[in-house]
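So this block is structure13.tsv, TSV, C-alpha atoms and all ligand atoms:
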```tsv
chain	number	residue	atom	x	y	z
A	1	MET	CA	96.20	-29.24	52.57
A	2	THR	CA	96.13	-25.49	51.98
A	3	SER	CA	94.72	-23.79	55.02
A	4	ALA	CA	91.85	-21.31	55.00
A	5	TRP	CA	92.96	-20.02	58.41
A	6	GLU	CA	95.82	-18.10	56.81
A	7	GLU	CA	93.19	-15.89	55.24
A	8	ILE	CA	91.54	-14.75	58.50
A	9	ASP	CA	90.79	-11.04	58.60
A	10	GLU	CA	88.28	-8.68	60.22
A	11	TRP	CA	85.39	-10.21	58.23
A	12	GLY	CA	85.86	-13.91	58.84
A	13	PRO	CA	85.74	-16.80	58.28
A	14	GLU	CA	83.61	-17.65	61.31
A	15	LYS	CA	83.80	-21.40	60.79
A	16	VAL	CA	85.91	-23.75	58.68
A	17	LEU	CA	84.80	-27.35	58.82
A	18	GLN	CA	86.64	-30.20	57.13
A	19	VAL	CA	84.61	-33.40	57.16
A	20	TYR	CA	85.36	-37.00	56.28
A	21	ASP	CA	83.01	-39.96	56.31
A	22	PRO	CA	84.93	-43.25	56.51
A	23	ASP	CA	81.81	-45.19	55.46
A	24	THR	CA	81.43	-43.51	52.07
A	25	GLY	CA	84.90	-41.96	51.66
A	26	MET	CA	83.29	-38.51	51.31
A	27	LYS	CA	85.61	-35.59	52.00
A	28	GLY	CA	84.13	-32.14	52.22
A	29	VAL	CA	84.59	-28.58	53.40
A	30	LEU	CA	82.17	-26.00	54.74
A	31	VAL	CA	83.29	-22.40	55.21
A	32	ILE	CA	80.89	-20.01	56.93
A	33	ASP	CA	82.51	-16.66	56.29
A	34	ASN	CA	80.29	-14.00	57.82
A	35	THR	CA	76.74	-14.26	59.21
A	36	SER	CA	76.22	-10.69	60.42
A	37	LYS	CA	73.54	-10.14	57.77
A	38	GLY	CA	71.89	-13.54	58.16
A	39	PRO	CA	72.64	-17.23	57.54
A	40	GLY	CA	75.64	-17.77	55.28
A	41	LYS	CA	74.45	-18.39	51.74
A	42	GLY	CA	76.34	-20.18	49.01
A	43	GLY	CA	76.35	-23.22	46.80
A	44	ILE	CA	77.99	-26.62	47.17
A	45	ARG	CA	80.80	-27.16	44.69
A	46	PHE	CA	81.40	-30.83	43.80
A	47	ALA	CA	84.74	-31.18	42.00
A	48	PRO	CA	88.09	-32.95	42.45
A	49	SER	CA	89.94	-29.62	42.51
A	50	VAL	CA	88.10	-28.28	45.59
A	51	THR	CA	90.42	-27.10	48.40
A	52	PRO	CA	89.61	-25.41	51.74
A	53	LEU	CA	91.31	-22.26	50.48
A	54	GLU	CA	89.19	-22.18	47.33
A	55	VAL	CA	86.02	-22.75	49.37
A	56	PHE	CA	87.02	-19.91	51.66
A	57	ARG	CA	87.58	-17.54	48.71
A	58	LEU	CA	84.23	-18.52	47.24
A	59	ALA	CA	82.55	-18.01	50.62
A	60	ARG	CA	84.05	-14.52	50.86
A	61	THR	CA	82.74	-13.76	47.37
A	62	MET	CA	79.29	-14.78	48.65
A	63	THR	CA	79.63	-12.39	51.61
A	64	TRP	CA	80.19	-9.49	49.20
A	65	LYS	CA	77.62	-10.77	46.72
A	66	CYS	CA	74.76	-11.04	49.22
A	67	ALA	CA	75.65	-7.65	50.71
A	68	ALA	CA	75.86	-5.89	47.34
A	69	SER	CA	72.50	-7.38	46.33
A	70	GLY	CA	70.87	-6.22	49.56
A	71	LEU	CA	69.91	-9.76	50.62
A	72	PRO	CA	69.41	-10.80	54.25
A	73	PHE	CA	72.18	-13.40	53.99
A	74	GLY	CA	75.81	-13.70	54.92
A	75	GLY	CA	78.40	-15.60	52.90
A	76	ALA	CA	79.36	-19.28	52.98
A	77	LYS	CA	80.26	-22.11	50.63
A	78	GLY	CA	80.36	-25.88	50.64
A	79	GLY	CA	82.74	-28.15	48.79
A	80	ILE	CA	82.85	-31.89	48.15
A	81	ILE	CA	86.17	-33.17	46.90
A	82	ALA	CA	85.62	-35.61	44.02
A	83	ASP	CA	84.35	-35.86	40.49
A	84	PRO	CA	80.60	-36.30	41.10
A	85	ASN	CA	80.40	-38.71	38.16
A	86	LYS	CA	83.10	-40.97	39.56
A	87	VAL	CA	81.64	-41.51	43.05
A	88	ASP	CA	78.23	-42.54	44.36
A	89	ARG	CA	76.99	-38.96	44.33
A	90	VAL	CA	73.74	-39.66	46.20
A	91	SER	CA	75.46	-41.25	49.18
A	92	TRP	CA	78.22	-38.60	49.16
A	93	MET	CA	75.66	-35.79	49.10
A	94	LYS	CA	73.71	-37.44	51.95
A	95	SER	CA	76.89	-37.95	53.88
A	96	PHE	CA	77.92	-34.28	53.45
A	97	ALA	CA	74.45	-33.16	54.55
A	98	LYS	CA	74.57	-35.40	57.64
A	99	MET	CA	77.95	-33.99	58.68
A	100	ILE	CA	76.98	-30.33	58.40
A	101	ARG	CA	73.38	-30.72	59.61
A	102	PRO	CA	73.88	-28.77	62.89
A	103	TYR	CA	74.51	-25.61	60.85
A	104	CYS	CA	71.63	-25.87	58.35
A	105	PRO	CA	69.69	-23.67	57.87
A	106	SER	CA	70.50	-21.49	60.90
A	107	GLN	CA	74.03	-20.64	59.75
A	108	TYR	CA	74.27	-22.14	56.27
A	109	ILE	CA	71.75	-22.31	53.45
A	110	ALA	CA	73.10	-24.31	50.52
A	111	ALA	CA	72.40	-24.09	46.78
A	112	THR	CA	73.82	-25.49	43.58
A	113	ASP	CA	77.24	-24.59	42.23
A	114	VAL	CA	79.75	-26.17	39.84
A	115	GLY	CA	79.07	-29.94	39.82
A	116	THR	CA	75.71	-29.88	41.63
A	117	THR	CA	72.14	-29.81	40.31
A	118	GLU	CA	68.59	-29.34	41.51
A	119	LEU	CA	68.45	-33.09	42.21
A	120	ASP	CA	71.38	-32.81	44.62
A	121	MET	CA	69.43	-30.06	46.38
A	122	ALA	CA	66.41	-32.37	46.72
A	123	ILE	CA	68.64	-35.01	48.31
A	124	PHE	CA	70.33	-32.44	50.55
A	125	ALA	CA	67.08	-30.88	51.83
A	126	HIS	CA	65.54	-34.29	52.57
A	127	GLU	CA	68.65	-35.51	54.37
A	128	ILE	CA	68.75	-32.36	56.53
A	129	GLY	CA	64.99	-32.77	57.07
A	130	ASP	CA	64.22	-29.13	56.34
A	131	MET	CA	63.24	-27.65	52.98
A	132	ARG	CA	64.77	-24.33	54.06
A	133	ALA	CA	68.24	-25.92	54.23
A	134	CYS	CA	68.89	-25.08	50.59
A	135	THR	CA	67.61	-23.24	47.53
A	136	GLY	CA	67.81	-24.12	43.86
A	137	LYS	CA	65.51	-27.06	44.59
A	138	PRO	CA	63.30	-28.66	41.92
A	139	SER	CA	59.99	-26.88	41.29
A	140	GLU	CA	58.12	-29.92	42.67
A	141	LEU	CA	59.59	-29.00	46.07
A	142	GLY	CA	58.66	-25.35	45.74
A	143	GLY	CA	62.07	-24.48	44.33
A	144	ILE	CA	63.32	-22.15	41.62
A	145	PRO	CA	66.12	-24.25	40.13
A	146	HIS	CA	69.19	-22.38	38.93
A	147	GLU	CA	68.88	-24.56	35.82
A	148	LEU	CA	66.21	-22.06	34.69
A	149	GLY	CA	69.10	-19.78	33.82
A	150	THR	CA	68.82	-17.17	36.58
A	151	THR	CA	72.59	-16.61	36.75
A	152	GLY	CA	73.03	-16.42	32.97
A	153	TYR	CA	70.12	-14.00	32.75
A	154	GLY	CA	71.76	-11.74	35.34
A	155	VAL	CA	75.04	-11.87	33.41
A	156	SER	CA	73.29	-10.71	30.24
A	157	VAL	CA	71.61	-7.87	32.18
A	158	ALA	CA	74.99	-6.86	33.68
A	159	LEU	CA	76.68	-6.87	30.29
A	160	GLN	CA	73.99	-4.79	28.60
A	161	THR	CA	73.77	-2.27	31.45
A	162	ALA	CA	77.55	-1.79	31.49
A	163	PHE	CA	77.67	-1.61	27.69
A	164	ASP	CA	75.00	1.12	27.58
A	165	ILE	CA	76.77	3.24	30.23
A	166	LEU	CA	80.19	2.92	28.59
A	167	LYS	CA	78.76	3.66	25.18
A	168	GLU	CA	76.85	6.71	26.38
A	169	LEU	CA	80.01	8.09	27.94
A	170	LYS	CA	81.94	7.25	24.75
A	171	LEU	CA	84.24	4.94	26.68
A	172	ILE	CA	83.60	2.22	24.12
A	173	GLN	CA	83.02	2.88	20.45
A	174	LEU	CA	80.99	-0.08	19.28
A	175	SER	CA	77.49	-0.62	18.08
A	176	LYS	CA	75.53	-3.38	19.77
A	177	SER	CA	75.18	-5.33	16.53
A	178	GLN	CA	78.95	-5.19	15.79
A	179	THR	CA	79.97	-6.41	19.22
A	180	ARG	CA	81.57	-9.85	19.36
A	181	VAL	CA	81.10	-11.78	22.58
A	182	VAL	CA	83.11	-14.89	23.46
A	183	ILE	CA	82.04	-17.13	26.35
A	184	GLN	CA	84.29	-19.58	28.16
A	185	GLY	CA	82.07	-22.29	29.65
A	186	PHE	CA	78.86	-23.58	28.14
A	187	GLY	CA	77.21	-25.04	31.23
A	188	ASN	CA	74.36	-23.72	33.28
A	189	VAL	CA	75.67	-20.16	33.31
A	190	GLY	CA	77.45	-19.71	29.95
A	191	SER	CA	74.75	-21.33	27.82
A	192	PHE	CA	71.99	-19.16	29.30
A	193	ALA	CA	74.10	-16.00	29.08
A	194	ALA	CA	74.57	-16.83	25.37
A	195	ARG	CA	70.85	-17.38	24.91
A	196	PHE	CA	69.74	-14.17	26.61
A	197	LEU	CA	72.39	-12.08	24.82
A	198	ASP	CA	71.42	-13.57	21.48
A	199	GLN	CA	67.76	-12.81	22.18
A	200	ASN	CA	68.79	-9.20	22.73
A	201	GLY	CA	70.62	-8.88	19.43
A	202	ILE	CA	74.16	-9.25	20.80
A	203	LYS	CA	76.16	-11.73	18.83
A	204	VAL	CA	78.12	-14.54	20.39
A	205	VAL	CA	80.97	-15.59	18.09
A	206	GLY	CA	82.58	-18.28	20.22
A	207	VAL	CA	81.87	-20.62	23.12
A	208	SER	CA	84.12	-23.17	24.81
A	209	ASP	CA	84.04	-25.87	27.45
A	210	VAL	CA	86.58	-28.40	28.76
A	211	SER	CA	86.40	-30.35	25.51
A	212	GLY	CA	86.78	-27.64	22.88
A	213	PHE	CA	85.98	-24.28	21.39
A	214	ILE	CA	83.36	-23.51	18.77
A	215	TYR	CA	83.89	-20.41	16.68
A	216	SER	CA	82.00	-18.66	13.92
A	217	LYS	CA	83.28	-16.04	11.49
A	218	ASP	CA	79.75	-15.48	10.19
A	219	LYS	CA	78.68	-11.84	10.46
A	220	ASN	CA	75.77	-12.98	12.67
A	221	GLY	CA	77.98	-15.04	14.97
A	222	LEU	CA	76.92	-18.48	16.19
A	223	ASN	CA	73.33	-19.60	15.78
A	224	ILE	CA	72.71	-19.98	19.52
A	225	PRO	CA	69.16	-21.45	19.40
A	226	LYS	CA	70.43	-24.09	16.97
A	227	LEU	CA	73.53	-24.78	19.09
A	228	MET	CA	71.38	-25.23	22.18
A	229	LYS	CA	69.13	-27.61	20.26
A	230	ASP	CA	72.08	-29.58	18.89
A	231	MET	CA	73.53	-29.84	22.41
A	232	LYS	CA	70.38	-31.52	23.79
A	233	GLY	CA	71.35	-34.88	25.25
A	234	LYS	CA	75.08	-34.19	24.74
A	235	ALA	CA	77.52	-33.60	27.57
A	236	LYS	CA	80.22	-31.54	25.90
A	237	LEU	CA	80.92	-29.40	22.84
A	238	SER	CA	83.26	-32.01	21.32
A	239	ASP	CA	80.22	-34.31	21.01
A	240	LEU	CA	79.30	-32.03	18.08
A	241	LYS	CA	82.31	-33.16	16.04
A	242	ASP	CA	80.12	-34.67	13.31
A	243	TYR	CA	78.13	-31.45	12.93
A	244	GLU	CA	79.05	-28.48	10.76
A	245	TYR	CA	80.67	-26.43	13.58
A	246	ASP	CA	84.22	-25.07	13.48
A	247	LEU	CA	85.43	-27.06	16.49
A	248	ARG	CA	88.87	-26.12	17.78
A	249	ASP	CA	91.12	-26.74	20.76
A	250	LYS	CA	89.72	-25.14	23.93
A	251	ASP	CA	92.77	-22.91	24.40
A	252	GLU	CA	92.16	-21.22	21.06
A	253	ILE	CA	89.60	-19.11	22.89
A	254	PHE	CA	92.53	-16.85	23.79
A	255	GLU	CA	93.70	-16.56	20.18
A	256	ILE	CA	90.77	-14.89	18.43
A	257	ASP	CA	89.60	-11.31	17.96
A	258	LEU	CA	86.79	-10.26	20.28
A	259	ASP	CA	85.17	-7.33	22.08
A	260	ILE	CA	83.71	-8.82	25.24
A	261	PHE	CA	84.93	-11.88	27.12
A	262	ILE	CA	82.72	-13.77	29.55
A	263	PRO	CA	84.55	-16.30	31.74
A	264	ALA	CA	81.74	-18.63	32.86
A	265	ALA	CA	83.68	-21.66	34.05
A	266	MET	CA	86.32	-22.01	36.74
A	267	GLY	CA	88.45	-19.61	38.80
A	268	GLY	CA	91.78	-18.01	37.86
A	269	VAL	CA	91.43	-18.36	34.07
A	270	ILE	CA	92.28	-14.71	33.41
A	271	ASN	CA	95.81	-14.44	34.70
A	272	ASN	CA	99.24	-13.03	33.84
A	273	LYS	CA	99.41	-15.31	30.81
A	274	THR	CA	95.93	-14.92	29.36
A	275	ALA	CA	95.15	-11.27	30.19
A	276	PRO	CA	97.78	-9.89	27.72
A	277	LYS	CA	96.36	-12.23	25.06
A	278	LEU	CA	92.83	-10.92	25.58
A	279	LEU	CA	94.16	-7.38	25.39
A	280	GLY	CA	96.07	-8.12	22.19
A	281	ASN	CA	92.93	-9.60	20.66
A	282	GLY	CA	90.96	-6.41	21.21
A	283	VAL	CA	88.92	-7.13	24.34
A	284	LYS	CA	87.17	-4.04	25.71
A	285	MET	CA	85.18	-5.49	28.56
A	286	VAL	CA	85.18	-8.64	30.72
A	287	VAL	CA	81.99	-9.72	32.46
A	288	GLU	CA	82.79	-12.18	35.24
A	289	ALA	CA	80.10	-14.87	35.13
A	290	ALA	CA	82.23	-17.40	37.02
A	291	ASN	CA	83.33	-16.81	40.60
A	292	ILE	CA	86.88	-15.39	40.98
A	293	PRO	CA	87.87	-15.96	37.34
A	294	THR	CA	90.40	-13.09	37.27
A	295	THR	CA	93.50	-13.01	39.43
A	296	VAL	CA	94.12	-9.81	41.41
A	297	ASP	CA	97.14	-8.89	39.25
A	298	ALA	CA	95.34	-9.58	35.98
A	299	CYS	CA	92.36	-7.46	37.10
A	300	GLU	CA	94.69	-4.50	37.83
A	301	TYR	CA	96.57	-5.06	34.55
A	302	LEU	CA	93.32	-4.99	32.56
A	303	TYR	CA	92.06	-1.91	34.38
A	304	LYS	CA	95.33	-0.06	33.75
A	305	ASN	CA	94.89	-0.89	30.07
A	306	LYS	CA	91.38	0.61	30.11
A	307	ILE	CA	89.56	-2.72	29.99
A	308	TRP	CA	86.45	-2.74	32.14
A	309	VAL	CA	86.12	-5.84	34.32
A	310	ILE	CA	82.60	-6.19	35.75
A	311	PRO	CA	83.14	-8.01	39.08
A	312	ASP	CA	81.75	-11.50	39.67
A	313	PHE	CA	79.80	-10.64	42.79
A	314	LEU	CA	77.74	-8.08	40.85
A	315	ALA	CA	77.55	-9.79	37.47
A	316	ASN	CA	76.72	-13.33	38.59
A	317	ALA	CA	74.37	-12.47	41.47
A	318	GLY	CA	71.34	-13.70	39.49
A	319	GLY	CA	71.58	-17.17	41.04
A	320	VAL	CA	71.53	-16.01	44.63
A	321	ILE	CA	68.86	-13.36	43.97
A	322	GLY	CA	66.72	-16.16	42.52
A	323	SER	CA	67.57	-18.20	45.64
A	324	PHE	CA	66.25	-15.38	47.84
A	325	VAL	CA	62.97	-15.28	45.91
A	326	GLU	CA	62.65	-19.06	46.37
A	327	TYR	CA	63.42	-18.68	50.09
A	328	GLN	CA	60.53	-16.24	50.32
A	329	GLY	CA	58.19	-18.68	48.57
A	330	ARG	CA	57.65	-16.39	45.60
A	331	THR	CA	57.49	-17.20	41.89
A	332	GLU	CA	59.90	-17.76	39.01
A	333	LYS	CA	58.64	-14.60	37.27
A	334	GLU	CA	59.32	-12.57	40.42
A	335	ALA	CA	62.85	-14.04	40.50
A	336	PHE	CA	63.65	-12.84	36.96
A	337	ASP	CA	62.11	-9.41	37.65
A	338	LEU	CA	64.11	-8.95	40.85
A	339	ILE	CA	67.34	-10.07	39.15
A	340	GLU	CA	66.87	-7.49	36.42
A	341	TYR	CA	66.06	-4.74	38.90
A	342	LYS	CA	68.92	-5.39	41.33
A	343	ILE	CA	71.65	-6.09	38.80
A	344	THR	CA	70.79	-3.07	36.67
A	345	LYS	CA	70.80	-0.82	39.74
A	346	ASN	CA	74.08	-2.21	41.09
A	347	ILE	CA	75.99	-2.04	37.82
A	348	LYS	CA	74.81	1.53	37.21
A	349	GLU	CA	75.80	2.64	40.69
A	350	VAL	CA	79.20	0.96	40.78
A	351	LEU	CA	80.29	1.65	37.22
A	352	THR	CA	79.26	5.30	37.35
A	353	GLU	CA	81.17	5.80	40.58
A	354	ALA	CA	84.21	3.93	39.22
A	355	ILE	CA	84.24	6.16	36.12
A	356	MET	CA	83.81	9.34	38.16
A	357	LYS	CA	86.52	8.46	40.66
A	358	GLU	CA	88.78	6.81	38.07
A	359	GLU	CA	88.98	3.63	40.10
A	360	ASN	CA	88.72	-0.07	39.30
A	361	PRO	CA	85.01	-1.12	39.55
A	362	ARG	CA	86.05	-4.05	41.75
A	363	LYS	CA	87.47	-1.65	44.31
A	364	ILE	CA	84.29	0.44	44.36
A	365	ALA	CA	82.04	-2.63	44.59
A	366	THR	CA	84.12	-4.19	47.37
A	367	GLU	CA	84.03	-0.95	49.40
A	368	LEU	CA	80.26	-0.80	48.98
A	369	SER	CA	79.83	-4.37	50.24
A	370	GLU	CA	82.33	-3.85	53.06
A	371	GLN	CA	80.39	-0.87	54.27
A	372	ILE	CA	77.14	-2.85	54.35
A	373	VAL	CA	78.70	-5.80	56.20
A	374	TYR	CA	80.52	-3.43	58.55
A	375	ARG	CA	77.23	-1.87	59.63
A	376	ALA	CA	75.65	-5.30	60.10
A	377	MET	CA	78.60	-6.35	62.28
A	378	LEU	CA	78.20	-3.22	64.41
A	379	LEU	CA	74.50	-3.97	64.78
A	380	ARG	CA	75.32	-7.53	65.87
A	381	LYS	CA	77.51	-6.06	68.59
A	382	GLY	CA	74.60	-3.85	69.68
A	383	ALA	CA	76.30	-0.66	68.54
A	384	ILE	CA	73.19	0.67	66.85
A	385	SER	CA	73.98	4.38	66.96
A	386	VAL	CA	77.49	3.84	65.58
A	387	ALA	CA	76.06	1.62	62.85
A	388	ARG	CA	73.50	4.25	61.86
A	389	GLU	CA	76.22	6.88	61.59
A	390	ALA	CA	78.59	4.66	59.63
A	391	TYR	CA	77.43	5.75	56.21
A	392	ASP	CA	80.66	7.30	55.10
A	393	ARG	CA	82.54	4.70	53.13
A	394	LYS	CA	85.85	6.18	54.18
A	395	ASP	CA	85.14	5.03	57.73
A	396	LYS	CA	88.03	3.12	59.09
A	397	ILE	CA	86.93	-0.45	59.34
A	398	SER	CA	88.10	-1.55	62.76
A	399	LEU	CA	85.82	-3.68	64.82
B	1	LIG	N1	76.33	-20.91	43.28
B	1	LIG	C1	75.70	-19.65	43.10
B	1	LIG	C2	76.71	-18.53	43.34
B	1	LIG	O1	77.89	-18.74	43.41
B	1	LIG	C3	74.43	-19.49	43.91
B	1	LIG	C4	74.58	-19.44	45.38
B	1	LIG	C5	73.28	-19.42	46.17
B	1	LIG	O2	72.21	-19.25	45.61
B	1	LIG	O3	73.38	-19.60	47.38
B	1	LIG	O4	76.35	-17.38	43.40
```

Please rewrite the model in this file as structure tokens.
Amino acid sequence: MTSAWEEIDEWGPEKVLQVYDPDTGMKGVLVIDNTSKGPGKGGIRFAPSVTPLEVFRLARTMTWKCAASGLPFGGAKGGIIADPNKVDRVSWMKSFAKMIRPYCPSQYIAATDVGTTELDMAIFAHEIGDMRACTGKPSELGGIPHELGTTGYGVSVALQTAFDILKELKLIQLSKSQTRVVIQGFGNVGSFAARFLDQNGIKVVGVSDVSGFIYSKDKNGLNIPKLMKDMKGKAKLSDLKDYEYDLRDKDEIFEIDLDIFIPAAMGGVINNKTAPKLLGNGVKMVVEAANIPTTVDACEYLYKNKIWVIPDFLANAGGVIGSFVEYQGRTEKEAFDLIEYKITKNIKEVLTEAIMKEENPRKIATELSEQIVYRAMLLRKGAISVAREAYDRKDKISL
């Protein structure tokens, strides 16, 4: 099994737990990356492809995400290794909760992620015996479920904020109504991003999932409200094969002309093979709705070719910002308001600095988060005066 320990650096991870329950067969991983700002926050991913290394990378993304969003949380992530539809998901979820109970919620506060839903959070919180053990719970339990579209809403805010800045500075020459957006992934994040963009007059011309790709050449793009209605009660896009959609192979998403690409599914999908294709097809901006969808090399390649990649831990922070509002016992409306406020502010700050300094926005955003976590780590050590002076981002980070 790939080891997360190889990745140890000055930030973490603080704990890597691999658990196995012989009674249910459940295998899981918990990585608590950094808790200097508060309990590690992050969802539980339930998928056969989960590895300790992937969970570590996702936990690190949460460390930067919570810091960049100014939340009193550190970074962590859970992973259960199986297809949730092929195992007894209730007993596996209970079993995972039982195994990691000593850390919840003092060091780890869970939430939903790929493969988990608000119902899993209800099971998790009850098994831990503490409603504060996770967020993204059903509204009946005082939760603000991520199924309300908090992450997708944040992605649409990120895209529009970045678009407006780049347009004002003449770094992209497109009108909003001409812009063609393509979204990979039509689950809880991609479908809501499509809906909110459509509501704001930005046309979505293609969406894909594991089963296929739906594309529209119509000058108005896809009819998103209709697509969402047609998808009711269906699990995947290929279930629409008897409808009037232009349903193609899922990989054709990398073969069509577009302006903005939103990866909203799994990690590593923009890589050495696909990045040149996106470039050739006219992409001008990538908004990372999924976690770690772009490899390091591909991100540099796109930047060098003047394609703006809006980093995941800024663009998809809507979910965890909503989680924070739930944690505070506030309302759904307050969650959406705070998401809009924080994401707009972050994208403006990072993108403007990246343009001014001629640097990749990911580099600027990472430095910003590092600085915040660095100060929190100094405070944890009791070095308050050093922490208060450590405002210069060029500070050498040695702890
Ligand atoms: N799974 C979401 C993410 O990756 C939400 C995490 C959370 O709310 O803790 O950002």

Please identify the residues whose atoms come within 10 Å of ligand LIG 1 (chain B), using all atoms listed in the file, and report them as a VMD selection string.
-> chain A and resid 40 to 45 58 to 59 61 to 62 65 to 66 73 to 78 108 to 114 116 134 to 136 145 to 146 150 to 151 189 289 to 292 312 to 324 326 to 327

Any idea what's packed within 7 Å of A:Ile260, counting all atoms listed in the file, ignoring anything in its chain fewer than 2 positions away? Could you give it as number ranges by chain?
-> A: 180-182, 258, 262, 283-286

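From atom CA of A:Glu359 back to atom CA of A:Asn272, the distance works out to 20.5 Å.
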
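Among the candidates A:Lys357, A:Arg195, A:Lys277, A:Lys137, the residue lying nearest to A:Lys229 is A:Arg195 (atoms considered: all atoms listed in the file).
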
Would you kindly return, as a PyMOL selection string, each protein, DNA or RNA residue with an atom no farther than 8 Å from any atom of A:Phe254, considering all atoms listed in the file and excluding same-chain residues fewer than 3 positions away?
-> chain A and resi 251+274+277-278+281

From A:Pro361, A:Gly282, A:Gly38, A:Gly206, residue lying nearest A:Asp218 [all atoms listed in the file] |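 Going through A:Pro361, A:Gly282, A:Gly38, A:Gly206 one by one, the smallest distance to A:Asp218 is for A:Gly206.
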
So how many Å separate atom CA of A:Val19 and atom CA of A:Thr51, to one decimal?
-> 12.3 Å

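Distances to A:Ser156 were evaluated for A:Ala47, A:Met377, A:Ala264, A:Ile384 using all atoms listed in the file, and the minimum falls at A:Ala264.
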
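Using only C-alpha atoms for every distance, the candidate list A:Leu351, A:Ala376, A:Ile202, A:Arg132 yields A:Ala376 as the residue closest to A:Pro72.
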
May I have the residues within 9 Å of A:Ile270 as a short mmCIF file (atom, residue, chain, number, x, y, z; two decimals) with C-alpha atoms, in the coordinates of the input, using all atoms listed in the file and disregarding those fewer than 3 positions away in the same chain?
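Full text of selection-v8.cif as output:
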```
data_model
loop_
_atom_site.label_atom_id
_atom_site.label_comp_id
_atom_site.auth_asym_id
_atom_site.auth_seq_id
_atom_site.Cartn_x
_atom_site.Cartn_y
_atom_site.Cartn_z
CA PRO A 263 84.55 -16.30 31.74
CA GLY A 267 88.45 -19.61 38.80
CA LYS A 273 99.41 -15.31 30.81
CA THR A 274 95.93 -14.92 29.36
CA ALA A 275 95.15 -11.27 30.19
CA LEU A 278 92.83 -10.92 25.58
CA PRO A 293 87.87 -15.96 37.34
CA THR A 294 90.40 -13.09 37.27
CA THR A 295 93.50 -13.01 39.43
CA ALA A 298 95.34 -9.58 35.98
CA CYS A 299 92.36 -7.46 37.10
#
```

One decimal, Å: what's the distance from atom CA of A:Tyr303 over to atom CA of A:Lys348, could you say?
-> 17.8 Å

Out of A:Lys203, A:Lys217, A:Lys167, A:Lys363, which residue has the shortest atom-to-atom distance to A:Glu300 when counting all atoms listed in the file?
->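 Between A:Lys203, A:Lys217, A:Lys167, A:Lys363, the residue approaching A:Glu300 most closely is A:Lys363.
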
Mind checking which residues fall within 7 Å of A:Pro311, counting all atoms listed in the file, ignoring those fewer than 4 positions away in the same chain, and posting them as a ChimeraX atom specification?
-> /A:287-288,315,362

Generate a file of the selected residues that holds C-alpha atoms, formatted as a PDB file, in the frame of the given file.
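Dumped everything to selection.pdb:
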```
ATOM      1  CA  VAL A 287      81.990  -9.720  32.460  1.00  0.00           C
ATOM      2  CA  GLU A 288      82.790 -12.180  35.240  1.00  0.00           C
ATOM      3  CA  ALA A 315      77.550  -9.790  37.470  1.00  0.00           C
ATOM      4  CA  ARG A 362      86.050  -4.050  41.750  1.00  0.00           C
TER       5      ARG A 362
END
```

Generate N, CA and C atoms for stretch 175-186 of chain A and emit them as a compact mmCIF listing (two decimals), in the frame of the given file.
```txt
# COMPACT_ATOMS: atom_id res chain seq x y z
N SER A 175 78.94 -0.52 18.09
CA SER A 175 77.49 -0.62 18.08
C SER A 175 77.14 -2.01 18.63
N LYS A 176 75.94 -2.11 19.17
CA LYS A 176 75.53 -3.38 19.77
C LYS A 176 75.64 -4.53 18.75
N SER A 177 75.22 -4.24 17.51
CA SER A 177 75.18 -5.33 16.53
C SER A 177 76.57 -5.74 16.04
N GLN A 178 77.57 -4.83 16.20
CA GLN A 178 78.95 -5.19 15.79
C GLN A 178 79.66 -6.02 16.85
N THR A 179 79.22 -5.88 18.09
CA THR A 179 79.97 -6.41 19.22
C THR A 179 80.09 -7.93 19.18
N ARG A 180 81.33 -8.40 19.38
CA ARG A 180 81.57 -9.85 19.36
C ARG A 180 81.84 -10.35 20.78
N VAL A 181 80.96 -11.23 21.23
CA VAL A 181 81.10 -11.78 22.58
C VAL A 181 81.64 -13.21 22.49
N VAL A 182 82.57 -13.52 23.39
CA VAL A 182 83.11 -14.89 23.46
C VAL A 182 82.89 -15.38 24.89
N ILE A 183 82.38 -16.60 25.02
CA ILE A 183 82.04 -17.13 26.35
C ILE A 183 82.84 -18.40 26.64
N GLN A 184 83.56 -18.37 27.76
CA GLN A 184 84.29 -19.58 28.16
C GLN A 184 83.43 -20.33 29.17
N GLY A 185 82.97 -21.52 28.79
CA GLY A 185 82.07 -22.29 29.65
C GLY A 185 80.69 -22.31 29.02
N PHE A 186 80.18 -23.50 28.78
CA PHE A 186 78.86 -23.58 28.14
C PHE A 186 77.94 -24.46 28.99
```
